[in-house]
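Pasting data_4.pdb here (PDB, N, CA and C atoms):
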ATOM      1  N   MET A   1       0.850  -1.180   0.000
ATOM      2  CA  MET A   1       0.000   0.000   0.000
ATOM      3  C   MET A   1       0.890   1.236   0.000
ATOM      4  N   ALA A   2       0.548   2.205  -0.805
ATOM      5  CA  ALA A   2       1.307   3.439  -0.927
ATOM      6  C   ALA A   2       0.605   4.565  -0.164
ATOM      7  N   ILE A   3       1.286   5.689  -0.076
ATOM      8  CA  ILE A   3       0.668   6.885   0.494
ATOM      9  C   ILE A   3      -0.405   7.370  -0.476
ATOM     10  N   ALA A   4      -1.561   7.709   0.045
ATOM     11  CA  ALA A   4      -2.689   8.138  -0.789
ATOM     12  C   ALA A   4      -2.340   9.420  -1.540
ATOM     13  N   ASN A   5      -2.740   9.465  -2.772
ATOM     14  CA  ASN A   5      -2.539  10.638  -3.617
ATOM     15  C   ASN A   5      -3.810  11.479  -3.564
ATOM     16  N   THR A   6      -3.872  12.374  -2.604
ATOM     17  CA  THR A   6      -5.068  13.177  -2.374
ATOM     18  C   THR A   6      -4.997  14.491  -3.148
ATOM     19  N   PRO A   7      -6.149  15.114  -3.400
ATOM     20  CA  PRO A   7      -6.164  16.409  -4.092
ATOM     21  C   PRO A   7      -5.734  17.533  -3.150
ATOM     22  N   SER A   8      -5.698  18.725  -3.672
ATOM     23  CA  SER A   8      -5.433  19.890  -2.830
ATOM     24  C   SER A   8      -6.565  20.045  -1.824
ATOM     25  N   PRO A   9      -6.245  20.428  -0.589
ATOM     26  CA  PRO A   9      -7.288  20.626   0.420
ATOM     27  C   PRO A   9      -8.226  21.768   0.009
ATOM     28  N   PRO A  10      -9.398  21.797   0.621
ATOM     29  CA  PRO A  10      -9.842  20.998   1.763
ATOM     30  C   PRO A  10     -10.468  19.672   1.332
ATOM     31  N   TYR A  11     -10.343  18.694   2.203
ATOM     32  CA  TYR A  11     -11.020  17.409   2.121
ATOM     33  C   TYR A  11     -11.048  16.850   3.536
ATOM     34  N   TYR A  12     -11.561  15.647   3.716
ATOM     35  CA  TYR A  12     -11.749  15.102   5.062
ATOM     36  C   TYR A  12     -10.966  13.810   5.257
ATOM     37  N   ALA A  13     -10.564  13.572   6.488
ATOM     38  CA  ALA A  13      -9.875  12.346   6.876
ATOM     39  C   ALA A  13     -10.676  11.670   7.980
ATOM     40  N   VAL A  14     -10.918  10.379   7.801
ATOM     41  CA  VAL A  14     -11.526   9.561   8.847
ATOM     42  C   VAL A  14     -10.409   8.690   9.399
ATOM     43  N   ILE A  15     -10.088   8.878  10.661
ATOM     44  CA  ILE A  15      -8.979   8.178  11.316
ATOM     45  C   ILE A  15      -9.570   7.097  12.208
ATOM     46  N   PHE A  16      -9.244   5.843  11.872
ATOM     47  CA  PHE A  16      -9.764   4.695  12.609
ATOM     48  C   PHE A  16      -8.596   4.032  13.318
ATOM     49  N   SER A  17      -8.564   4.142  14.644
ATOM     50  CA  SER A  17      -7.519   3.528  15.469
ATOM     51  C   SER A  17      -8.136   2.330  16.179
ATOM     52  N   SER A  18      -7.410   1.194  16.171
ATOM     53  CA  SER A  18      -8.009  -0.007  16.746
ATOM     54  C   SER A  18      -6.989  -0.932  17.390
ATOM     55  N   VAL A  19      -7.490  -1.716  18.331
ATOM     56  CA  VAL A  19      -6.752  -2.838  18.920
ATOM     57  C   VAL A  19      -7.578  -4.066  18.584
ATOM     58  N   ARG A  20      -6.967  -5.024  17.909
ATOM     59  CA  ARG A  20      -7.659  -6.228  17.451
ATOM     60  C   ARG A  20      -7.753  -7.280  18.550
ATOM     61  N   THR A  21      -8.727  -8.156  18.399
ATOM     62  CA  THR A  21      -8.815  -9.365  19.206
ATOM     63  C   THR A  21      -7.884 -10.411  18.576
ATOM     64  N   GLU A  22      -7.726 -11.553  19.217
ATOM     65  CA  GLU A  22      -6.868 -12.625  18.705
ATOM     66  C   GLU A  22      -7.492 -13.296  17.476
ATOM     67  N   GLY A  23      -6.636 -13.705  16.544
ATOM     68  CA  GLY A  23      -7.094 -14.469  15.384
ATOM     69  C   GLY A  23      -7.665 -13.605  14.290
ATOM     70  N   ASP A  24      -7.725 -14.168  13.084
ATOM     71  CA  ASP A  24      -8.240 -13.437  11.927
ATOM     72  C   ASP A  24      -9.765 -13.414  11.914
ATOM     73  N   ASN A  25     -10.395 -14.555  12.115
ATOM     74  CA  ASN A  25     -11.853 -14.661  12.188
ATOM     75  C   ASN A  25     -12.583 -13.991  11.029
ATOM     76  N   GLY A  26     -11.985 -14.061   9.821
ATOM     77  CA  GLY A  26     -12.602 -13.463   8.646
ATOM     78  C   GLY A  26     -12.273 -12.005   8.432
ATOM     79  N   TYR A  27     -11.440 -11.445   9.302
ATOM     80  CA  TYR A  27     -11.121 -10.018   9.240
ATOM     81  C   TYR A  27     -10.434  -9.633   7.929
ATOM     82  N   GLY A  28      -9.425 -10.402   7.523
ATOM     83  CA  GLY A  28      -8.649 -10.067   6.331
ATOM     84  C   GLY A  28      -9.511  -9.978   5.086
ATOM     85  N   ALA A  29     -10.380 -10.955   4.901
ATOM     86  CA  ALA A  29     -11.269 -10.953   3.738
ATOM     87  C   ALA A  29     -12.212  -9.757   3.782
ATOM     88  N   MET A  30     -12.739  -9.446   4.960
ATOM     89  CA  MET A  30     -13.654  -8.306   5.076
ATOM     90  C   MET A  30     -12.912  -6.994   4.851
ATOM     91  N   ALA A  31     -11.703  -6.874   5.354
ATOM     92  CA  ALA A  31     -10.924  -5.649   5.135
ATOM     93  C   ALA A  31     -10.681  -5.440   3.644
ATOM     94  N   ASP A  32     -10.345  -6.508   2.922
ATOM     95  CA  ASP A  32     -10.149  -6.411   1.470
ATOM     96  C   ASP A  32     -11.438  -5.978   0.781
ATOM     97  N   ARG A  33     -12.567  -6.554   1.201
ATOM     98  CA  ARG A  33     -13.855  -6.201   0.609
ATOM     99  C   ARG A  33     -14.211  -4.753   0.895
ATOM    100  N   MET A  34     -13.947  -4.277   2.117
ATOM    101  CA  MET A  34     -14.267  -2.894   2.463
ATOM    102  C   MET A  34     -13.440  -1.916   1.634
ATOM    103  N   LEU A  35     -12.169  -2.247   1.393
ATOM    104  CA  LEU A  35     -11.330  -1.388   0.560
ATOM    105  C   LEU A  35     -11.879  -1.331  -0.858
ATOM    106  N   ALA A  36     -12.239  -2.479  -1.413
ATOM    107  CA  ALA A  36     -12.801  -2.508  -2.765
ATOM    108  C   ALA A  36     -14.100  -1.718  -2.833
ATOM    109  N   LEU A  37     -14.960  -1.897  -1.845
ATOM    110  CA  LEU A  37     -16.249  -1.216  -1.813
ATOM    111  C   LEU A  37     -16.081   0.291  -1.621
ATOM    112  N   ALA A  38     -15.212   0.692  -0.693
ATOM    113  CA  ALA A  38     -14.977   2.128  -0.464
ATOM    114  C   ALA A  38     -14.434   2.786  -1.725
ATOM    115  N   SER A  39     -13.582   2.071  -2.448
ATOM    116  CA  SER A  39     -12.981   2.620  -3.671
ATOM    117  C   SER A  39     -14.032   2.949  -4.729
ATOM    118  N   GLU A  40     -15.181   2.283  -4.661
ATOM    119  CA  GLU A  40     -16.283   2.527  -5.597
ATOM    120  C   GLU A  40     -17.222   3.631  -5.110
ATOM    121  N   GLN A  41     -17.077   4.024  -3.850
ATOM    122  CA  GLN A  41     -17.975   5.006  -3.237
ATOM    123  C   GLN A  41     -17.655   6.404  -3.754
ATOM    124  N   GLU A  42     -18.702   7.137  -4.152
ATOM    125  CA  GLU A  42     -18.501   8.513  -4.593
ATOM    126  C   GLU A  42     -17.882   9.332  -3.464
ATOM    127  N   GLY A  43     -16.850  10.097  -3.781
ATOM    128  CA  GLY A  43     -16.197  10.953  -2.800
ATOM    129  C   GLY A  43     -14.998  10.321  -2.116
ATOM    130  N   PHE A  44     -14.731   9.027  -2.358
ATOM    131  CA  PHE A  44     -13.564   8.368  -1.780
ATOM    132  C   PHE A  44     -12.310   8.859  -2.489
ATOM    133  N   LEU A  45     -11.293   9.257  -1.698
ATOM    134  CA  LEU A  45     -10.064   9.807  -2.266
ATOM    135  C   LEU A  45      -8.848   8.915  -2.082
ATOM    136  N   GLY A  46      -8.875   8.025  -1.111
ATOM    137  CA  GLY A  46      -7.731   7.153  -0.873
ATOM    138  C   GLY A  46      -7.692   6.671   0.558
ATOM    139  N   ILE A  47      -6.689   5.834   0.836
ATOM    140  CA  ILE A  47      -6.582   5.226   2.164
ATOM    141  C   ILE A  47      -5.122   4.919   2.471
ATOM    142  N   GLU A  48      -4.794   4.970   3.754
ATOM    143  CA  GLU A  48      -3.476   4.575   4.260
ATOM    144  C   GLU A  48      -3.709   3.769   5.529
ATOM    145  N   SER A  49      -2.909   2.725   5.727
ATOM    146  CA  SER A  49      -3.134   1.855   6.876
ATOM    147  C   SER A  49      -1.822   1.275   7.376
ATOM    148  N   ALA A  50      -1.709   1.132   8.696
ATOM    149  CA  ALA A  50      -0.544   0.507   9.332
ATOM    150  C   ALA A  50      -1.028  -0.222  10.572
ATOM    151  N   ARG A  51      -0.370  -1.344  10.879
ATOM    152  CA  ARG A  51      -0.781  -2.106  12.060
ATOM    153  C   ARG A  51       0.439  -2.617  12.791
ATOM    154  N   GLU A  52       0.465  -2.333  14.059
ATOM    155  CA  GLU A  52       1.387  -2.953  15.019
ATOM    156  C   GLU A  52       0.497  -3.352  16.181
ATOM    157  N   GLU A  53       0.806  -2.897  17.392
ATOM    158  CA  GLU A  53      -0.105  -3.162  18.508
ATOM    159  C   GLU A  53      -1.413  -2.399  18.338
ATOM    160  N   VAL A  54      -1.310  -1.185  17.804
ATOM    161  CA  VAL A  54      -2.473  -0.374  17.475
ATOM    162  C   VAL A  54      -2.508  -0.228  15.964
ATOM    163  N   GLY A  55      -3.649  -0.518  15.382
ATOM    164  CA  GLY A  55      -3.821  -0.318  13.947
ATOM    165  C   GLY A  55      -4.373   1.067  13.705
ATOM    166  N   ILE A  56      -3.883   1.717  12.652
ATOM    167  CA  ILE A  56      -4.396   3.031  12.270
ATOM    168  C   ILE A  56      -4.680   3.009  10.776
ATOM    169  N   THR A  57      -5.916   3.297  10.436
ATOM    170  CA  THR A  57      -6.318   3.419   9.037
ATOM    171  C   THR A  57      -6.905   4.803   8.860
ATOM    172  N   VAL A  58      -6.404   5.516   7.864
ATOM    173  CA  VAL A  58      -6.914   6.843   7.546
ATOM    174  C   VAL A  58      -7.510   6.775   6.141
ATOM    175  N   SER A  59      -8.799   7.049   6.045
ATOM    176  CA  SER A  59      -9.426   7.147   4.723
ATOM    177  C   SER A  59      -9.720   8.613   4.457
ATOM    178  N   TYR A  60      -9.602   8.988   3.188
ATOM    179  CA  TYR A  60      -9.767  10.377   2.778
ATOM    180  C   TYR A  60     -11.005  10.510   1.909
ATOM    181  N   TRP A  61     -11.757  11.584   2.159
ATOM    182  CA  TRP A  61     -13.052  11.772   1.527
ATOM    183  C   TRP A  61     -13.219  13.212   1.055
ATOM    184  N   ALA A  62     -13.969  13.394  -0.021
ATOM    185  CA  ALA A  62     -14.181  14.721  -0.593
ATOM    186  C   ALA A  62     -15.099  15.591   0.258
ATOM    187  N   SER A  63     -16.016  14.962   0.999
ATOM    188  CA  SER A  63     -17.002  15.748   1.755
ATOM    189  C   SER A  63     -17.515  14.967   2.959
ATOM    190  N   GLU A  64     -18.134  15.683   3.869
ATOM    191  CA  GLU A  64     -18.774  15.024   5.006
ATOM    192  C   GLU A  64     -19.949  14.169   4.538
ATOM    193  N   GLU A  65     -20.637  14.597   3.487
ATOM    194  CA  GLU A  65     -21.748  13.815   2.948
ATOM    195  C   GLU A  65     -21.262  12.459   2.433
ATOM    196  N   ALA A  66     -20.114  12.425   1.764
ATOM    197  CA  ALA A  66     -19.549  11.162   1.277
ATOM    198  C   ALA A  66     -19.235  10.233   2.445
ATOM    199  N   ILE A  67     -18.730  10.797   3.543
ATOM    200  CA  ILE A  67     -18.437  10.002   4.741
ATOM    201  C   ILE A  67     -19.729   9.416   5.308
ATOM    202  N   LYS A  68     -20.775  10.228   5.385
ATOM    203  CA  LYS A  68     -22.061   9.761   5.912
ATOM    204  C   LYS A  68     -22.632   8.641   5.050
ATOM    205  N   GLN A  69     -22.525   8.780   3.737
ATOM    206  CA  GLN A  69     -23.025   7.736   2.841
ATOM    207  C   GLN A  69     -22.242   6.445   3.021
ATOM    208  N   TRP A  70     -20.926   6.547   3.177
ATOM    209  CA  TRP A  70     -20.107   5.347   3.401
ATOM    210  C   TRP A  70     -20.493   4.676   4.712
ATOM    211  N   LYS A  71     -20.697   5.465   5.750
ATOM    212  CA  LYS A  71     -21.044   4.897   7.054
ATOM    213  C   LYS A  71     -22.355   4.128   6.981
ATOM    214  N   GLN A  72     -23.254   4.500   6.084
ATOM    215  CA  GLN A  72     -24.566   3.856   5.975
ATOM    216  C   GLN A  72     -24.627   2.752   4.912
ATOM    217  N   ASN A  73     -23.520   2.486   4.217
ATOM    218  CA  ASN A  73     -23.489   1.406   3.229
ATOM    219  C   ASN A  73     -23.820   0.082   3.925
ATOM    220  N   ALA A  74     -24.709  -0.717   3.322
ATOM    221  CA  ALA A  74     -25.198  -1.943   3.973
ATOM    222  C   ALA A  74     -24.072  -2.917   4.309
ATOM    223  N   GLU A  75     -23.151  -3.150   3.388
ATOM    224  CA  GLU A  75     -22.044  -4.075   3.679
ATOM    225  C   GLU A  75     -21.120  -3.504   4.742
ATOM    226  N   HIS A  76     -20.917  -2.191   4.720
ATOM    227  CA  HIS A  76     -20.082  -1.539   5.729
ATOM    228  C   HIS A  76     -20.746  -1.632   7.108
ATOM    229  N   LEU A  77     -22.070  -1.509   7.143
ATOM    230  CA  LEU A  77     -22.785  -1.666   8.412
ATOM    231  C   LEU A  77     -22.571  -3.062   8.992
ATOM    232  N   GLU A  78     -22.563  -4.089   8.142
ATOM    233  CA  GLU A  78     -22.311  -5.449   8.602
ATOM    234  C   GLU A  78     -20.880  -5.579   9.123
ATOM    235  N   ALA A  79     -19.921  -4.964   8.435
ATOM    236  CA  ALA A  79     -18.532  -4.989   8.902
ATOM    237  C   ALA A  79     -18.412  -4.287  10.255
ATOM    238  N   GLN A  80     -19.132  -3.190  10.430
ATOM    239  CA  GLN A  80     -19.121  -2.491  11.715
ATOM    240  C   GLN A  80     -19.676  -3.392  12.816
ATOM    241  N   ARG A  81     -20.776  -4.092  12.522
ATOM    242  CA  ARG A  81     -21.385  -4.981  13.504
ATOM    243  C   ARG A  81     -20.395  -6.077  13.918
ATOM    244  N   LEU A  82     -19.744  -6.685  12.940
ATOM    245  CA  LEU A  82     -18.766  -7.731  13.241
ATOM    246  C   LEU A  82     -17.559  -7.165  13.980
ATOM    247  N   GLY A  83     -17.172  -5.951  13.644
ATOM    248  CA  GLY A  83     -16.072  -5.298  14.344
ATOM    249  C   GLY A  83     -16.363  -5.163  15.822
ATOM    250  N   HIS A  84     -17.563  -4.710  16.144
ATOM    251  CA  HIS A  84     -17.966  -4.560  17.547
ATOM    252  C   HIS A  84     -17.997  -5.908  18.251
ATOM    253  N   LYS A  85     -18.484  -6.935  17.553
ATOM    254  CA  LYS A  85     -18.743  -8.236  18.168
ATOM    255  C   LYS A  85     -17.525  -9.164  18.172
ATOM    256  N   VAL A  86     -16.684  -9.114  17.097
ATOM    257  CA  VAL A  86     -15.663 -10.139  16.904
ATOM    258  C   VAL A  86     -14.237  -9.595  16.827
ATOM    259  N   TRP A  87     -13.995  -8.545  16.062
ATOM    260  CA  TRP A  87     -12.633  -8.184  15.657
ATOM    261  C   TRP A  87     -11.909  -7.193  16.546
ATOM    262  N   TYR A  88     -12.604  -6.315  17.234
ATOM    263  CA  TYR A  88     -11.937  -5.230  17.954
ATOM    264  C   TYR A  88     -12.121  -5.325  19.463
ATOM    265  N   ALA A  89     -11.002  -5.230  20.172
ATOM    266  CA  ALA A  89     -11.042  -5.112  21.625
ATOM    267  C   ALA A  89     -11.330  -3.658  22.001
ATOM    268  N   GLU A  90     -10.900  -2.753  21.130
ATOM    269  CA  GLU A  90     -11.059  -1.310  21.373
ATOM    270  C   GLU A  90     -10.897  -0.585  20.046
ATOM    271  N   PHE A  91     -11.634   0.512  19.853
ATOM    272  CA  PHE A  91     -11.411   1.350  18.672
ATOM    273  C   PHE A  91     -11.924   2.761  18.916
ATOM    274  N   LYS A  92     -11.426   3.679  18.108
ATOM    275  CA  LYS A  92     -11.884   5.074  18.097
ATOM    276  C   LYS A  92     -11.947   5.515  16.643
ATOM    277  N   VAL A  93     -12.940   6.332  16.332
ATOM    278  CA  VAL A  93     -13.060   6.955  15.021
ATOM    279  C   VAL A  93     -13.009   8.459  15.225
ATOM    280  N   ARG A  94     -12.172   9.091  14.433
ATOM    281  CA  ARG A  94     -12.065  10.551  14.484
ATOM    282  C   ARG A  94     -12.207  11.081  13.062
ATOM    283  N   VAL A  95     -12.949  12.158  12.894
ATOM    284  CA  VAL A  95     -13.141  12.766  11.583
ATOM    285  C   VAL A  95     -12.556  14.172  11.645
ATOM    286  N   ALA A  96     -11.706  14.485  10.655
ATOM    287  CA  ALA A  96     -11.026  15.781  10.651
ATOM    288  C   ALA A  96     -11.077  16.402   9.257
ATOM    289  N   LYS A  97     -11.136  17.705   9.214
ATOM    290  CA  LYS A  97     -11.043  18.427   7.945
ATOM    291  C   LYS A  97      -9.571  18.736   7.689
ATOM    292  N   VAL A  98      -9.085  18.326   6.536
ATOM    293  CA  VAL A  98      -7.698  18.604   6.154
ATOM    294  C   VAL A  98      -7.677  19.971   5.479
ATOM    295  N   GLU A  99      -6.933  20.885   6.073
ATOM    296  CA  GLU A  99      -6.856  22.234   5.541
ATOM    297  C   GLU A  99      -5.529  22.543   4.866
ATOM    298  N   ARG A 100      -4.486  21.787   5.229
ATOM    299  CA  ARG A 100      -3.169  21.932   4.609
ATOM    300  C   ARG A 100      -2.591  20.544   4.406
ATOM    301  N   ALA A 101      -1.852  20.376   3.310
ATOM    302  CA  ALA A 101      -1.170  19.106   3.056
ATOM    303  C   ALA A 101       0.074  19.409   2.222
ATOM    304  N   TYR A 102       1.178  18.747   2.562
ATOM    305  CA  TYR A 102       2.413  18.920   1.795
ATOM    306  C   TYR A 102       3.296  17.703   1.990
ATOM    307  N   GLY A 103       4.273  17.542   1.161
ATOM    308  CA  GLY A 103       5.167  16.396   1.262
ATOM    309  C   GLY A 103       6.090  16.339   0.054
ATOM    310  N   ILE A 104       6.838  15.242  -0.019
ATOM    311  CA  ILE A 104       7.726  15.069  -1.168
ATOM    312  C   ILE A 104       7.309  13.829  -1.948
TER     313      ILE A 104
END

Just dump the structure as structure tokens.
Amino acid sequence: MAIANTPSPPYYAVIFSSVRTEGDNGYGAMADRMLALASEQEGFLGIESAREEVGITVSYWASEEAIKQWKQNAEHLEAQRLGHKVWYAEFKVRVAKVERAYGI
């Protein structure tokens, strides 16, 4: 996975920090499906993810409306339900407006 190639700001970042439970329990397949599905969602700009003891996934979105639509996607709702029940010992979601971005 590469660093997301986002447009010039403003846009939004959804930061998902998590601590997983033991075992895969279907997590890998669902994560792959969620990435494929999000990539088809209007307003999706990209994603970056890293996992050690704490996993951090940042998805980038064109608008708050696009984020709301993604949150209500039926398959994503099922993934959220399984996340609460099976995959995560702890998690936090933070939504931020990106106002500046730079890099090499």

What lies within 8 Å of Val86 of chain A using all atoms listed in the file, ignoring chain neighbours under 4 positions off, as a list in words? Arg20, Thr21, Glu22, Asp24, Asn25, Gln80, Arg81 and Leu82 of chain A

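With atom CA of Ser8 of chain A on one side and atom CA of Ala101 of chain A on the other, the separation reads 7.3 Å.
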
Write out as number ranges by chain the residues lying within 6.5 Å of segment 41-58 of chain A, counting all atoms listed in the file and excluding same-chain residues fewer than 3 positions away. A: 2-6, 13-20, 37-38, 61-63, 66

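Residues lying within 7 Å of Lys97 of chain A, counting only N, CA and C atoms and ignoring same-chain neighbours fewer than 5 positions away, are Pro10, Tyr11, Tyr12 and Ala13 of chain A.
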
Pull the helix (DSSP H, G or I) assignments for chain A out of DSSP run on the backbone, and list those residues as a PyMOL selection string. chain A and resi 27-40+64-71+74-87

Need a file for segment 28-76 of chain A from that block: C-alpha atoms, written as an mmCIF file, in the first residue's frame.
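File part36.cif, as written:
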data_model
loop_
_atom_site.group_PDB
_atom_site.id
_atom_site.type_symbol
_atom_site.label_atom_id
_atom_site.label_comp_id
_atom_site.auth_asym_id
_atom_site.auth_seq_id
_atom_site.Cartn_x
_atom_site.Cartn_y
_atom_site.Cartn_z
ATOM 1 C CA GLY A 28 -8.649 -10.067 6.331
ATOM 2 C CA ALA A 29 -11.269 -10.953 3.738
ATOM 3 C CA MET A 30 -13.654 -8.306 5.076
ATOM 4 C CA ALA A 31 -10.924 -5.649 5.135
ATOM 5 C CA ASP A 32 -10.149 -6.411 1.470
ATOM 6 C CA ARG A 33 -13.855 -6.201 0.609
ATOM 7 C CA MET A 34 -14.267 -2.894 2.463
ATOM 8 C CA LEU A 35 -11.330 -1.388 0.560
ATOM 9 C CA ALA A 36 -12.801 -2.508 -2.765
ATOM 10 C CA LEU A 37 -16.249 -1.216 -1.813
ATOM 11 C CA ALA A 38 -14.977 2.128 -0.464
ATOM 12 C CA SER A 39 -12.981 2.620 -3.671
ATOM 13 C CA GLU A 40 -16.283 2.527 -5.597
ATOM 14 C CA GLN A 41 -17.975 5.006 -3.237
ATOM 15 C CA GLU A 42 -18.501 8.513 -4.593
ATOM 16 C CA GLY A 43 -16.197 10.953 -2.800
ATOM 17 C CA PHE A 44 -13.564 8.368 -1.780
ATOM 18 C CA LEU A 45 -10.064 9.807 -2.266
ATOM 19 C CA GLY A 46 -7.731 7.153 -0.873
ATOM 20 C CA ILE A 47 -6.582 5.226 2.164
ATOM 21 C CA GLU A 48 -3.476 4.575 4.260
ATOM 22 C CA SER A 49 -3.134 1.855 6.876
ATOM 23 C CA ALA A 50 -0.544 0.507 9.332
ATOM 24 C CA ARG A 51 -0.781 -2.106 12.060
ATOM 25 C CA GLU A 52 1.387 -2.953 15.019
ATOM 26 C CA GLU A 53 -0.105 -3.162 18.508
ATOM 27 C CA VAL A 54 -2.473 -0.374 17.475
ATOM 28 C CA GLY A 55 -3.821 -0.318 13.947
ATOM 29 C CA ILE A 56 -4.396 3.031 12.270
ATOM 30 C CA THR A 57 -6.318 3.419 9.037
ATOM 31 C CA VAL A 58 -6.914 6.843 7.546
ATOM 32 C CA SER A 59 -9.426 7.147 4.723
ATOM 33 C CA TYR A 60 -9.767 10.377 2.778
ATOM 34 C CA TRP A 61 -13.052 11.772 1.527
ATOM 35 C CA ALA A 62 -14.181 14.721 -0.593
ATOM 36 C CA SER A 63 -17.002 15.748 1.755
ATOM 37 C CA GLU A 64 -18.774 15.024 5.006
ATOM 38 C CA GLU A 65 -21.748 13.815 2.948
ATOM 39 C CA ALA A 66 -19.549 11.162 1.277
ATOM 40 C CA ILE A 67 -18.437 10.002 4.741
ATOM 41 C CA LYS A 68 -22.061 9.761 5.912
ATOM 42 C CA GLN A 69 -23.025 7.736 2.841
ATOM 43 C CA TRP A 70 -20.107 5.347 3.401
ATOM 44 C CA LYS A 71 -21.044 4.897 7.054
ATOM 45 C CA GLN A 72 -24.566 3.856 5.975
ATOM 46 C CA ASN A 73 -23.489 1.406 3.229
ATOM 47 C CA ALA A 74 -25.198 -1.943 3.973
ATOM 48 C CA GLU A 75 -22.044 -4.075 3.679
ATOM 49 C CA HIS A 76 -20.082 -1.539 5.729
#
